[in-house]
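**Q** If it helps, the file is called protein.cif and holds mmCIF, C-alpha atoms and all ligand atoms:
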data_model
#
loop_
_atom_site.group_PDB
_atom_site.id
_atom_site.type_symbol
_atom_site.label_atom_id
_atom_site.label_comp_id
_atom_site.auth_asym_id
_atom_site.auth_seq_id
_atom_site.Cartn_x
_atom_site.Cartn_y
_atom_site.Cartn_z
ATOM 1 C CA MET A 30 110.924 67.718 -155.968
ATOM 2 C CA LYS A 31 108.656 64.750 -155.256
ATOM 3 C CA THR A 32 106.925 63.022 -158.138
ATOM 4 C CA LEU A 33 104.126 60.472 -158.115
ATOM 5 C CA VAL A 34 103.178 58.084 -160.894
ATOM 6 C CA THR A 35 99.697 56.698 -160.285
ATOM 7 C CA TYR A 36 97.621 54.592 -162.605
ATOM 8 C CA MET A 37 94.604 52.399 -163.108
ATOM 9 C CA THR A 38 95.066 49.155 -165.020
ATOM 10 C CA GLN A 39 93.039 46.035 -165.716
ATOM 11 C CA THR A 40 95.298 44.048 -168.055
ATOM 12 C CA GLY A 41 98.684 45.695 -167.436
ATOM 13 C CA ASN A 42 99.072 47.992 -170.465
ATOM 14 C CA THR A 43 98.770 51.244 -168.551
ATOM 15 C CA LYS A 44 101.061 49.836 -165.859
ATOM 16 C CA THR A 45 103.739 49.211 -168.519
ATOM 17 C CA ILE A 46 103.556 52.872 -169.519
ATOM 18 C CA ALA A 47 103.508 53.986 -165.870
ATOM 19 C CA GLU A 48 106.705 52.044 -165.185
ATOM 20 C CA ALA A 49 108.404 53.498 -168.265
ATOM 21 C CA ILE A 50 107.550 57.005 -167.054
ATOM 22 C CA TYR A 51 108.686 56.174 -163.528
ATOM 23 C CA ASP A 52 112.083 54.977 -164.820
ATOM 24 C CA GLU A 53 112.784 58.422 -166.277
ATOM 25 C CA ILE A 54 112.102 60.367 -163.094
ATOM 26 C CA GLU A 55 115.056 61.569 -161.078
ATOM 27 C CA GLY A 56 114.827 62.544 -157.427
ATOM 28 C CA GLU A 57 112.198 61.531 -154.938
ATOM 29 C CA LYS A 58 109.514 59.419 -156.596
ATOM 30 C CA GLU A 59 106.724 56.920 -155.957
ATOM 31 C CA ILE A 60 104.624 54.669 -158.168
ATOM 32 C CA LYS A 61 101.269 53.410 -156.919
ATOM 33 C CA PRO A 62 97.921 52.157 -158.223
ATOM 34 C CA ILE A 63 95.337 54.947 -158.122
ATOM 35 C CA GLU A 64 93.220 53.069 -155.562
ATOM 36 C CA ASP A 65 96.116 53.366 -153.094
ATOM 37 C CA ILE A 66 96.317 57.169 -153.348
ATOM 38 C CA ARG A 67 94.104 59.226 -151.058
ATOM 39 C CA ASN A 68 95.192 62.648 -152.323
ATOM 40 C CA LEU A 69 98.124 64.448 -153.944
ATOM 41 C CA GLU A 70 99.318 66.271 -150.835
ATOM 42 C CA GLY A 71 103.116 66.379 -150.671
ATOM 43 C CA TYR A 72 103.698 65.756 -154.373
ATOM 44 C CA ASP A 73 105.054 68.482 -156.651
ATOM 45 C CA LEU A 74 104.053 66.579 -159.778
ATOM 46 C CA ALA A 75 101.738 63.644 -160.462
ATOM 47 C CA PHE A 76 101.540 61.532 -163.606
ATOM 48 C CA ILE A 77 98.035 60.056 -163.699
ATOM 49 C CA GLY A 78 97.220 57.199 -166.083
ATOM 50 C CA PHE A 79 94.236 55.061 -167.086
ATOM 51 C CA PRO A 80 92.795 52.874 -169.858
ATOM 52 C CA VAL A 81 89.954 54.247 -171.965
ATOM 53 C CA LEU A 82 86.874 52.140 -171.217
ATOM 54 C CA GLN A 83 83.625 52.301 -173.173
ATOM 55 C CA PHE A 84 84.773 55.404 -175.005
ATOM 56 C CA ASP A 85 85.251 57.298 -171.787
ATOM 57 C CA ILE A 86 87.518 57.956 -168.819
ATOM 58 C CA PRO A 87 86.812 55.343 -166.109
ATOM 59 C CA PRO A 88 84.488 56.737 -163.386
ATOM 60 C CA ASN A 89 86.996 56.218 -160.528
ATOM 61 C CA VAL A 90 89.623 58.180 -162.481
ATOM 62 C CA LYS A 91 87.134 60.986 -163.199
ATOM 63 C CA ASP A 92 86.374 61.081 -159.505
ATOM 64 C CA PHE A 93 90.073 61.186 -158.596
ATOM 65 C CA LEU A 94 90.796 63.974 -161.098
ATOM 66 C CA SER A 95 87.902 66.113 -159.953
ATOM 67 C CA LYS A 96 88.628 65.753 -156.231
ATOM 68 C CA ASN A 97 92.414 65.850 -156.050
ATOM 69 C CA THR A 98 93.991 67.960 -158.777
ATOM 70 C CA HIS A 99 93.054 71.501 -157.738
ATOM 71 C CA GLY A 100 96.182 73.680 -158.054
ATOM 72 C CA LYS A 101 98.396 70.653 -158.775
ATOM 73 C CA ASN A 102 100.969 70.002 -161.493
ATOM 74 C CA ILE A 103 99.730 66.934 -163.321
ATOM 75 C CA ALA A 104 100.501 65.010 -166.495
ATOM 76 C CA ILE A 105 97.966 62.604 -167.974
ATOM 77 C CA PHE A 106 98.645 59.347 -169.778
ATOM 78 C CA MET A 107 96.137 56.938 -171.255
ATOM 79 C CA THR A 108 96.096 53.714 -173.224
ATOM 80 C CA HIS A 109 93.351 52.751 -175.672
ATOM 81 C CA ALA A 110 92.671 50.094 -178.276
ATOM 82 C CA VAL A 111 91.964 52.520 -181.117
ATOM 83 C CA PRO A 112 94.987 53.581 -183.162
ATOM 84 C CA GLU A 113 96.836 56.744 -182.163
ATOM 85 C CA GLY A 114 95.411 59.742 -183.993
ATOM 86 C CA PHE A 115 91.840 58.408 -183.745
ATOM 87 C CA GLU A 116 89.384 61.319 -183.597
ATOM 88 C CA ALA A 117 87.825 60.443 -180.207
ATOM 89 C CA ILE A 118 91.189 60.743 -178.425
ATOM 90 C CA HIS A 119 90.786 64.546 -178.550
ATOM 91 C CA SER A 120 87.506 64.262 -176.681
ATOM 92 C CA TRP A 121 89.080 62.079 -173.955
ATOM 93 C CA THR A 122 91.928 64.556 -173.555
ATOM 94 C CA GLY A 123 89.373 67.389 -173.521
ATOM 95 C CA SER A 124 87.330 65.626 -170.840
ATOM 96 C CA CYS A 125 90.403 65.343 -168.625
ATOM 97 C CA ALA A 126 91.064 69.063 -169.059
ATOM 98 C CA GLN A 127 87.459 69.871 -168.141
ATOM 99 C CA ILE A 128 87.379 67.617 -165.108
ATOM 100 C CA ALA A 129 90.784 68.813 -163.856
ATOM 101 C CA ALA A 130 90.066 72.417 -164.831
ATOM 102 C CA ASP A 131 91.827 73.832 -161.762
ATOM 103 C CA ALA A 132 94.987 71.786 -162.286
ATOM 104 C CA ASN A 133 98.126 72.783 -164.140
ATOM 105 C CA ILE A 134 98.064 70.081 -166.838
ATOM 106 C CA ILE A 135 101.606 70.041 -168.147
ATOM 107 C CA GLY A 136 101.039 67.483 -170.867
ATOM 108 C CA THR A 137 99.131 64.455 -172.081
ATOM 109 C CA PHE A 138 100.323 61.194 -173.596
ATOM 110 C CA ASP A 139 98.313 58.421 -175.204
ATOM 111 C CA CYS A 140 99.150 55.183 -176.951
ATOM 112 C CA GLN A 141 97.552 51.993 -178.122
ATOM 113 C CA GLY A 142 97.200 49.088 -175.694
ATOM 114 C CA GLU A 143 96.292 45.525 -176.554
ATOM 115 C CA LEU A 144 92.594 44.721 -176.349
ATOM 116 C CA ALA A 145 92.212 41.680 -174.086
ATOM 117 C CA GLN A 146 90.955 38.508 -175.830
ATOM 118 C CA PRO A 147 87.794 38.119 -173.673
ATOM 119 C CA VAL A 148 86.806 41.659 -174.674
ATOM 120 C CA ILE A 149 87.434 40.880 -178.367
ATOM 121 C CA ASP A 150 85.275 37.748 -178.068
ATOM 122 C CA MET A 151 82.485 39.691 -176.355
ATOM 123 C CA LEU A 152 82.569 42.458 -178.974
ATOM 124 C CA LEU A 153 82.498 39.983 -181.870
ATOM 125 C CA GLN A 154 79.402 38.334 -180.399
ATOM 126 C CA SER A 155 77.561 41.648 -180.055
ATOM 127 C CA ASP A 156 74.481 42.412 -182.162
ATOM 128 C CA ASP A 157 75.654 46.008 -182.504
ATOM 129 C CA PRO A 158 77.599 46.405 -185.790
ATOM 130 C CA GLN A 159 79.717 49.179 -184.240
ATOM 131 C CA MET A 160 80.816 46.833 -181.466
ATOM 132 C CA LYS A 161 81.591 44.111 -184.016
ATOM 133 C CA THR A 162 83.752 46.559 -185.972
ATOM 134 C CA PHE A 163 85.578 47.427 -182.770
ATOM 135 C CA GLY A 164 86.101 43.707 -182.086
ATOM 136 C CA ASP A 165 87.512 43.204 -185.613
ATOM 137 C CA MET A 166 90.190 45.743 -184.704
ATOM 138 C CA GLY A 167 91.335 43.590 -181.756
ATOM 139 C CA PRO A 168 94.056 41.542 -183.465
ATOM 140 C CA SER A 169 95.725 44.731 -184.763
ATOM 141 C CA THR A 170 96.339 45.807 -181.154
ATOM 142 C CA LYS A 171 98.362 42.694 -180.247
ATOM 143 C CA GLY A 172 101.610 43.376 -178.428
ATOM 144 C CA GLN A 173 100.833 46.997 -177.620
ATOM 145 C CA PRO A 174 102.287 48.988 -176.029
ATOM 146 C CA ASP A 175 105.405 47.814 -177.883
ATOM 147 C CA ALA A 176 108.994 49.021 -177.399
ATOM 148 C CA SER A 177 108.467 52.076 -179.612
ATOM 149 C CA ARG A 178 105.465 53.200 -177.510
ATOM 150 C CA VAL A 179 107.407 52.628 -174.305
ATOM 151 C CA LYS A 180 110.209 54.771 -175.724
ATOM 152 C CA LYS A 181 107.730 57.532 -176.577
ATOM 153 C CA ALA A 182 106.340 57.389 -173.036
ATOM 154 C CA LYS A 183 109.853 57.857 -171.663
ATOM 155 C CA GLU A 184 110.374 60.843 -173.954
ATOM 156 C CA PHE A 185 107.051 62.260 -172.769
ATOM 157 C CA ALA A 186 108.190 61.924 -169.146
ATOM 158 C CA LYS A 187 111.494 63.653 -169.887
ATOM 159 C CA GLY A 188 109.643 66.507 -171.627
ATOM 160 C CA ILE A 189 107.294 66.994 -168.670
ATOM 161 C CA LEU A 190 110.164 67.049 -166.189
ATOM 162 C CA ALA A 191 112.130 69.507 -168.348
ATOM 163 C CA LYS A 192 109.150 71.892 -168.339
ATOM 164 C CA LEU A 193 109.170 72.015 -164.551
ATOM 165 C CA GLN A 194 112.892 72.792 -164.201
HETATM 166 C C1 LIG A 201 85.593 46.796 -170.966
HETATM 167 C C2 LIG A 201 86.574 47.476 -171.880
HETATM 168 C C3 LIG A 201 86.152 48.538 -172.654
HETATM 169 C C4 LIG A 201 87.053 49.193 -173.501
HETATM 170 N N1 LIG A 201 86.624 50.249 -174.236
HETATM 171 C C5 LIG A 201 87.502 50.887 -175.065
HETATM 172 C C6 LIG A 201 87.088 52.000 -175.829
HETATM 173 O O1 LIG A 201 85.964 52.443 -175.754
HETATM 174 N N2 LIG A 201 87.978 52.578 -176.670
HETATM 175 C C7 LIG A 201 89.260 52.130 -176.780
HETATM 176 O O2 LIG A 201 90.029 52.681 -177.561
HETATM 177 N N3 LIG A 201 89.683 51.072 -176.040
HETATM 178 C C8 LIG A 201 88.836 50.456 -175.192
HETATM 179 N N4 LIG A 201 89.257 49.398 -174.448
HETATM 180 C C9 LIG A 201 90.653 48.940 -174.594
HETATM 181 C C10 LIG A 201 91.557 49.421 -173.471
HETATM 182 O O3 LIG A 201 91.487 50.818 -173.285
HETATM 183 C C11 LIG A 201 93.006 49.062 -173.795
HETATM 184 O O4 LIG A 201 93.122 47.691 -174.049
HETATM 185 C C12 LIG A 201 93.906 49.483 -172.656
HETATM 186 O O5 LIG A 201 95.247 49.454 -173.085
HETATM 187 C C13 LIG A 201 93.758 48.573 -171.445
HETATM 188 O O6 LIG A 201 94.629 49.047 -170.457
HETATM 189 P P1 LIG A 201 95.012 48.193 -169.171
HETATM 190 O O7 LIG A 201 95.720 46.962 -169.672
HETATM 191 O O8 LIG A 201 95.909 49.079 -168.412
HETATM 192 O O9 LIG A 201 93.763 47.848 -168.452
HETATM 193 C C14 LIG A 201 88.400 48.747 -173.588
HETATM 194 C C15 LIG A 201 88.801 47.660 -172.810
HETATM 195 C C16 LIG A 201 87.909 47.029 -171.960
HETATM 196 C C17 LIG A 201 88.388 45.889 -171.126
#
Could you quickly redo this structure as structure tokens?
**A**
Amino acid sequence: MKTLVTYMTQTGNTKTIAEAIYDEIEGEKEIKPIEDIRNLEGYDLAFIGFPVLQFDIPPNVKDFLSKNTHGKNIAIFMTHAVPEGFEAIHSWTGSCAQIAADANIIGTFDCQGELAQPVIDMLLQSDDPQMKTFGDMGPSTKGQPDASRVKKAKEFAKGILAKLQ
């Protein structure tokens, strides 16, 4: 069985989770940024990860999911600044399921990732009160994903692999 871990990252949080997942995979495996993957031919399973940006799945990831996941075993992972359990996470997971409707989505993982300081500064300067509130949340994301999140990501990976055996 050949497994791919592919991810988008801007500040490294999603990469940290990708590497944790990769560590748990036995057998033939590859880890690559999503921009280096042309398609999923030759892989039996692909873990696909991204950061939530502007309350949505990044456009390049949407594009990748819609073009490449038909008939494929995939597992999704995402990082976000909002706390785990936040209502909107269901809609992001739902969007992935809609976009990759022809894929076999084996599971989804999400966890908090630190909001970069320039983004916090920009949000705090915004005239939009909602954006300011989001910026106020920034400091509470510091250090994420921490060791406990990394451990959960590894458990997620093990669970996905067990389902395919
Ligand atoms: C431009 C921008 C917009 C973001 N928008 C959201 C958002 O709408 N909701 C959210 O929970 N996190 C948001 N975040 C936070 C990121 O999803 C989070 O920090 C993530 O862990 C970053 O992952 P990365 O380090 O792999 O790029 C945003 C971050 C940036 C830079």
**Q** 10 Å from ligand LIG 201 (chain A) is the threshold here; counting only C-alpha atoms and all ligand atoms, which polymer residues fall inside it? Answer as a PyMOL selection string.
**A** chain A and resi 36-47+78-87+107-113+115+117-118+121+139-149+151-152+160+163+166-167+170-171+173-174
**Q** For a quick check of understanding, using only C-alpha atoms, which of A:Ser155, A:Ser177, A:Asn102, A:Thr122 has the smallest distance to Lys31 of chain A?
**A**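 Checking each of A:Ser155, A:Ser177, A:Asn102, A:Thr122 against Lys31 of chain A, counting only C-alpha atoms, the winner is A:Asn102.
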**Q** Give the answer as one residue: which of A:Ala75, A:Asp165, A:Cys125, A:Ser120 has the shortest atom-to-atom distance to Ile54 of chain A, using only C-alpha atoms?
**A** A:Ala75
**Q** Give me, as a ChimeraX atom specification, all polymer residues having an atom no more than 8 Å from Phe138 of chain A, counting all atoms listed in the file and skipping those fewer than 2 positions away in the same chain.
**A** /A:105-107,136,140,182,185
**Q** Once the PyMOL selection byres (((chain A and resi 103) around 8) and not hetatm) has been applied to the shown file, what residues remain in the selection, as a ChimeraX atom specification?
**A** /A:74-77,98,101-102,104-105,132-136
**Q** Using all atoms listed in the file, pick whichever of A:Ile50, A:Glu59, A:Glu116, A:Asp65 has the shortest atom-to-atom distance to Glu184 of chain A.
**A**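 Of A:Ile50, A:Glu59, A:Glu116, A:Asp65, the one nearest Glu184 of chain A is A:Ile50, counting all atoms listed in the file.
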**Q** Would you work out the distance separating atom CA of Lys58 of chain A from atom CA of Gly188 of chain A, expressed in Å to one decimal?
**A**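 That distance, rounded to one decimal, is 16.6 Å.
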**Q** By how many Å are atom CA of Thr162 of chain A and atom CA of Ala126 of chain A apart?
**A** 29.1 Å
**Q** Name the closest residue to Tyr51 of chain A among the candidates A:Gly164, A:Gly123, A:Lys192, A:Ala186; distances are taken between atoms, counting all atoms listed in the file.
**A**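 For Tyr51 of chain A, the nearest of the given residues is A:Ala186.
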**Q** Quick one: distance from atom CA of Pro62 of chain A to atom CA of Lys91 of chain A in Å, one decimal?
**A**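 Value for the atom CA of Pro62 of chain A-atom CA of Lys91 of chain A distance: 14.8 Å.
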**Q** Please list as a PDB file with C-alpha atoms, in the coordinates of the input every residue within 6 Å of Ile60 of chain A, counting all atoms listed in the file and excluding residues in the same chain fewer than 2 positions away.
**A**
ATOM      1  CA  LEU A  33     104.126  60.472-158.115  1.00  0.00           C
ATOM      2  CA  VAL A  34     103.178  58.084-160.894  1.00  0.00           C
ATOM      3  CA  THR A  35      99.697  56.698-160.285  1.00  0.00           C
TER       4      THR A  35
END
**Q** Apply the PyMOL selection byres (((chain A and resi 96) around 10) and not hetatm) to the displayed file and report the matching residues as a PyMOL selection string.
**A** chain A and resi 67-69+90-95+97-99+128-129
**Q** For a quick check of understanding, using all atoms listed in the file, which of A:Ser124, A:Gly114, A:Gly100, A:Asp73 has the smallest distance to Gln194 of chain A?
**A**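 So, comparing all the options, the nearest one is A:Asp73.
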**Q** Kindly complete segment 53-86 of chain A to N, CA and C atoms; the output should be written as a PDB file, in the frame of the given file.
**A**
ATOM      1  N   GLU A  53     112.130  57.189-165.809  1.00  0.00           N
ATOM      2  CA  GLU A  53     112.784  58.422-166.277  1.00  0.00           C
ATOM      3  C   GLU A  53     112.866  59.511-165.211  1.00  0.00           C
ATOM      4  N   ILE A  54     112.176  59.311-164.109  1.00  0.00           N
ATOM      5  CA  ILE A  54     112.102  60.367-163.094  1.00  0.00           C
ATOM      6  C   ILE A  54     113.329  60.320-162.188  1.00  0.00           C
ATOM      7  N   GLU A  55     113.930  61.482-162.017  1.00  0.00           N
ATOM      8  CA  GLU A  55     115.056  61.569-161.078  1.00  0.00           C
ATOM      9  C   GLU A  55     114.553  62.214-159.796  1.00  0.00           C
ATOM     10  N   GLY A  56     115.227  61.943-158.695  1.00  0.00           N
ATOM     11  CA  GLY A  56     114.827  62.544-157.427  1.00  0.00           C
ATOM     12  C   GLY A  56     113.809  61.683-156.722  1.00  0.00           C
ATOM     13  N   GLU A  57     113.136  62.294-155.757  1.00  0.00           N
ATOM     14  CA  GLU A  57     112.198  61.531-154.938  1.00  0.00           C
ATOM     15  C   GLU A  57     110.990  61.127-155.783  1.00  0.00           C
ATOM     16  N   LYS A  58     110.621  59.872-155.748  1.00  0.00           N
ATOM     17  CA  LYS A  58     109.514  59.419-156.596  1.00  0.00           C
ATOM     18  C   LYS A  58     108.805  58.210-156.000  1.00  0.00           C
ATOM     19  N   GLU A  59     107.525  58.079-156.387  1.00  0.00           N
ATOM     20  CA  GLU A  59     106.724  56.920-155.957  1.00  0.00           C
ATOM     21  C   GLU A  59     105.862  56.468-157.131  1.00  0.00           C
ATOM     22  N   ILE A  60     105.571  55.187-157.170  1.00  0.00           N
ATOM     23  CA  ILE A  60     104.624  54.669-158.168  1.00  0.00           C
ATOM     24  C   ILE A  60     103.605  53.811-157.434  1.00  0.00           C
ATOM     25  N   LYS A  61     102.322  54.124-157.664  1.00  0.00           N
ATOM     26  CA  LYS A  61     101.269  53.410-156.919  1.00  0.00           C
ATOM     27  C   LYS A  61      99.994  53.318-157.752  1.00  0.00           C
ATOM     28  N   PRO A  62      99.246  52.225-157.595  1.00  0.00           N
ATOM     29  CA  PRO A  62      97.921  52.157-158.223  1.00  0.00           C
ATOM     30  C   PRO A  62      97.033  53.282-157.677  1.00  0.00           C
ATOM     31  N   ILE A  63      96.146  53.779-158.504  1.00  0.00           N
ATOM     32  CA  ILE A  63      95.337  54.947-158.122  1.00  0.00           C
ATOM     33  C   ILE A  63      94.471  54.657-156.889  1.00  0.00           C
ATOM     34  N   GLU A  64      94.075  53.391-156.723  1.00  0.00           N
ATOM     35  CA  GLU A  64      93.220  53.069-155.562  1.00  0.00           C
ATOM     36  C   GLU A  64      93.979  53.174-154.243  1.00  0.00           C
ATOM     37  N   ASP A  65      95.312  53.246-154.325  1.00  0.00           N
ATOM     38  CA  ASP A  65      96.116  53.366-153.094  1.00  0.00           C
ATOM     39  C   ASP A  65      96.465  54.817-152.761  1.00  0.00           C
ATOM     40  N   ILE A  66      95.986  55.758-153.571  1.00  0.00           N
ATOM     41  CA  ILE A  66      96.317  57.169-153.348  1.00  0.00           C
ATOM     42  C   ILE A  66      95.090  57.906-152.811  1.00  0.00           C
ATOM     43  N   ARG A  67      95.247  58.501-151.656  1.00  0.00           N
ATOM     44  CA  ARG A  67      94.104  59.226-151.058  1.00  0.00           C
ATOM     45  C   ARG A  67      94.005  60.641-151.588  1.00  0.00           C
ATOM     46  N   ASN A  68      95.180  61.300-151.754  1.00  0.00           N
ATOM     47  CA  ASN A  68      95.192  62.648-152.323  1.00  0.00           C
ATOM     48  C   ASN A  68      96.619  62.939-152.797  1.00  0.00           C
ATOM     49  N   LEU A  69      96.806  64.122-153.364  1.00  0.00           N
ATOM     50  CA  LEU A  69      98.124  64.448-153.944  1.00  0.00           C
ATOM     51  C   LEU A  69      98.946  65.374-153.045  1.00  0.00           C
ATOM     52  N   GLU A  70      98.558  65.437-151.781  1.00  0.00           N
ATOM     53  CA  GLU A  70      99.318  66.271-150.835  1.00  0.00           C
ATOM     54  C   GLU A  70     100.768  65.792-150.768  1.00  0.00           C
ATOM     55  N   GLY A  71     101.704  66.734-150.820  1.00  0.00           N
ATOM     56  CA  GLY A  71     103.116  66.379-150.671  1.00  0.00           C
ATOM     57  C   GLY A  71     103.819  66.058-151.979  1.00  0.00           C
ATOM     58  N   TYR A  72     103.064  66.006-153.074  1.00  0.00           N
ATOM     59  CA  TYR A  72     103.698  65.756-154.373  1.00  0.00           C
ATOM     60  C   TYR A  72     103.764  67.061-155.171  1.00  0.00           C
ATOM     61  N   ASP A  73     104.907  67.285-155.813  1.00  0.00           N
ATOM     62  CA  ASP A  73     105.054  68.482-156.651  1.00  0.00           C
ATOM     63  C   ASP A  73     104.542  68.226-158.066  1.00  0.00           C
ATOM     64  N   LEU A  74     104.503  66.960-158.430  1.00  0.00           N
ATOM     65  CA  LEU A  74     104.053  66.579-159.778  1.00  0.00           C
ATOM     66  C   LEU A  74     103.451  65.182-159.698  1.00  0.00           C
ATOM     67  N   ALA A  75     102.334  64.986-160.408  1.00  0.00           N
ATOM     68  CA  ALA A  75     101.738  63.644-160.462  1.00  0.00           C
ATOM     69  C   ALA A  75     101.438  63.274-161.914  1.00  0.00           C
ATOM     70  N   PHE A  76     101.944  62.134-162.335  1.00  0.00           N
ATOM     71  CA  PHE A  76     101.540  61.532-163.606  1.00  0.00           C
ATOM     72  C   PHE A  76     100.356  60.623-163.286  1.00  0.00           C
ATOM     73  N   ILE A  77      99.259  60.812-164.004  1.00  0.00           N
ATOM     74  CA  ILE A  77      98.035  60.056-163.699  1.00  0.00           C
ATOM     75  C   ILE A  77      97.594  59.310-164.978  1.00  0.00           C
ATOM     76  N   GLY A  78      97.502  57.978-164.881  1.00  0.00           N
ATOM     77  CA  GLY A  78      97.220  57.199-166.083  1.00  0.00           C
ATOM     78  C   GLY A  78      96.041  56.257-165.939  1.00  0.00           C
ATOM     79  N   PHE A  79      95.425  55.928-167.087  1.00  0.00           N
ATOM     80  CA  PHE A  79      94.236  55.061-167.086  1.00  0.00           C
ATOM     81  C   PHE A  79      94.007  54.476-168.480  1.00  0.00           C
ATOM     82  N   PRO A  80      93.233  53.378-168.547  1.00  0.00           N
ATOM     83  CA  PRO A  80      92.795  52.874-169.858  1.00  0.00           C
ATOM     84  C   PRO A  80      91.467  53.521-170.240  1.00  0.00           C
ATOM     85  N   VAL A  81      91.266  53.772-171.501  1.00  0.00           N
ATOM     86  CA  VAL A  81      89.954  54.247-171.965  1.00  0.00           C
ATOM     87  C   VAL A  81      89.008  53.042-171.923  1.00  0.00           C
ATOM     88  N   LEU A  82      87.863  53.220-171.296  1.00  0.00           N
ATOM     89  CA  LEU A  82      86.874  52.140-171.217  1.00  0.00           C
ATOM     90  C   LEU A  82      85.535  52.654-171.715  1.00  0.00           C
ATOM     91  N   GLN A  83      84.939  51.932-172.617  1.00  0.00           N
ATOM     92  CA  GLN A  83      83.625  52.301-173.173  1.00  0.00           C
ATOM     93  C   GLN A  83      83.598  53.747-173.641  1.00  0.00           C
ATOM     94  N   PHE A  84      84.631  54.073-174.397  1.00  0.00           N
ATOM     95  CA  PHE A  84      84.773  55.404-175.005  1.00  0.00           C
ATOM     96  C   PHE A  84      84.706  56.535-173.989  1.00  0.00           C
ATOM     97  N   ASP A  85      85.269  56.257-172.824  1.00  0.00           N
ATOM     98  CA  ASP A  85      85.251  57.298-171.787  1.00  0.00           C
ATOM     99  C   ASP A  85      86.394  57.072-170.786  1.00  0.00           C
ATOM    100  N   ILE A  86      86.567  58.067-169.931  1.00  0.00           N
ATOM    101  CA  ILE A  86      87.518  57.956-168.819  1.00  0.00           C
ATOM    102  C   ILE A  86      86.817  57.143-167.728  1.00  0.00           C
TER     103      ILE A  86
END
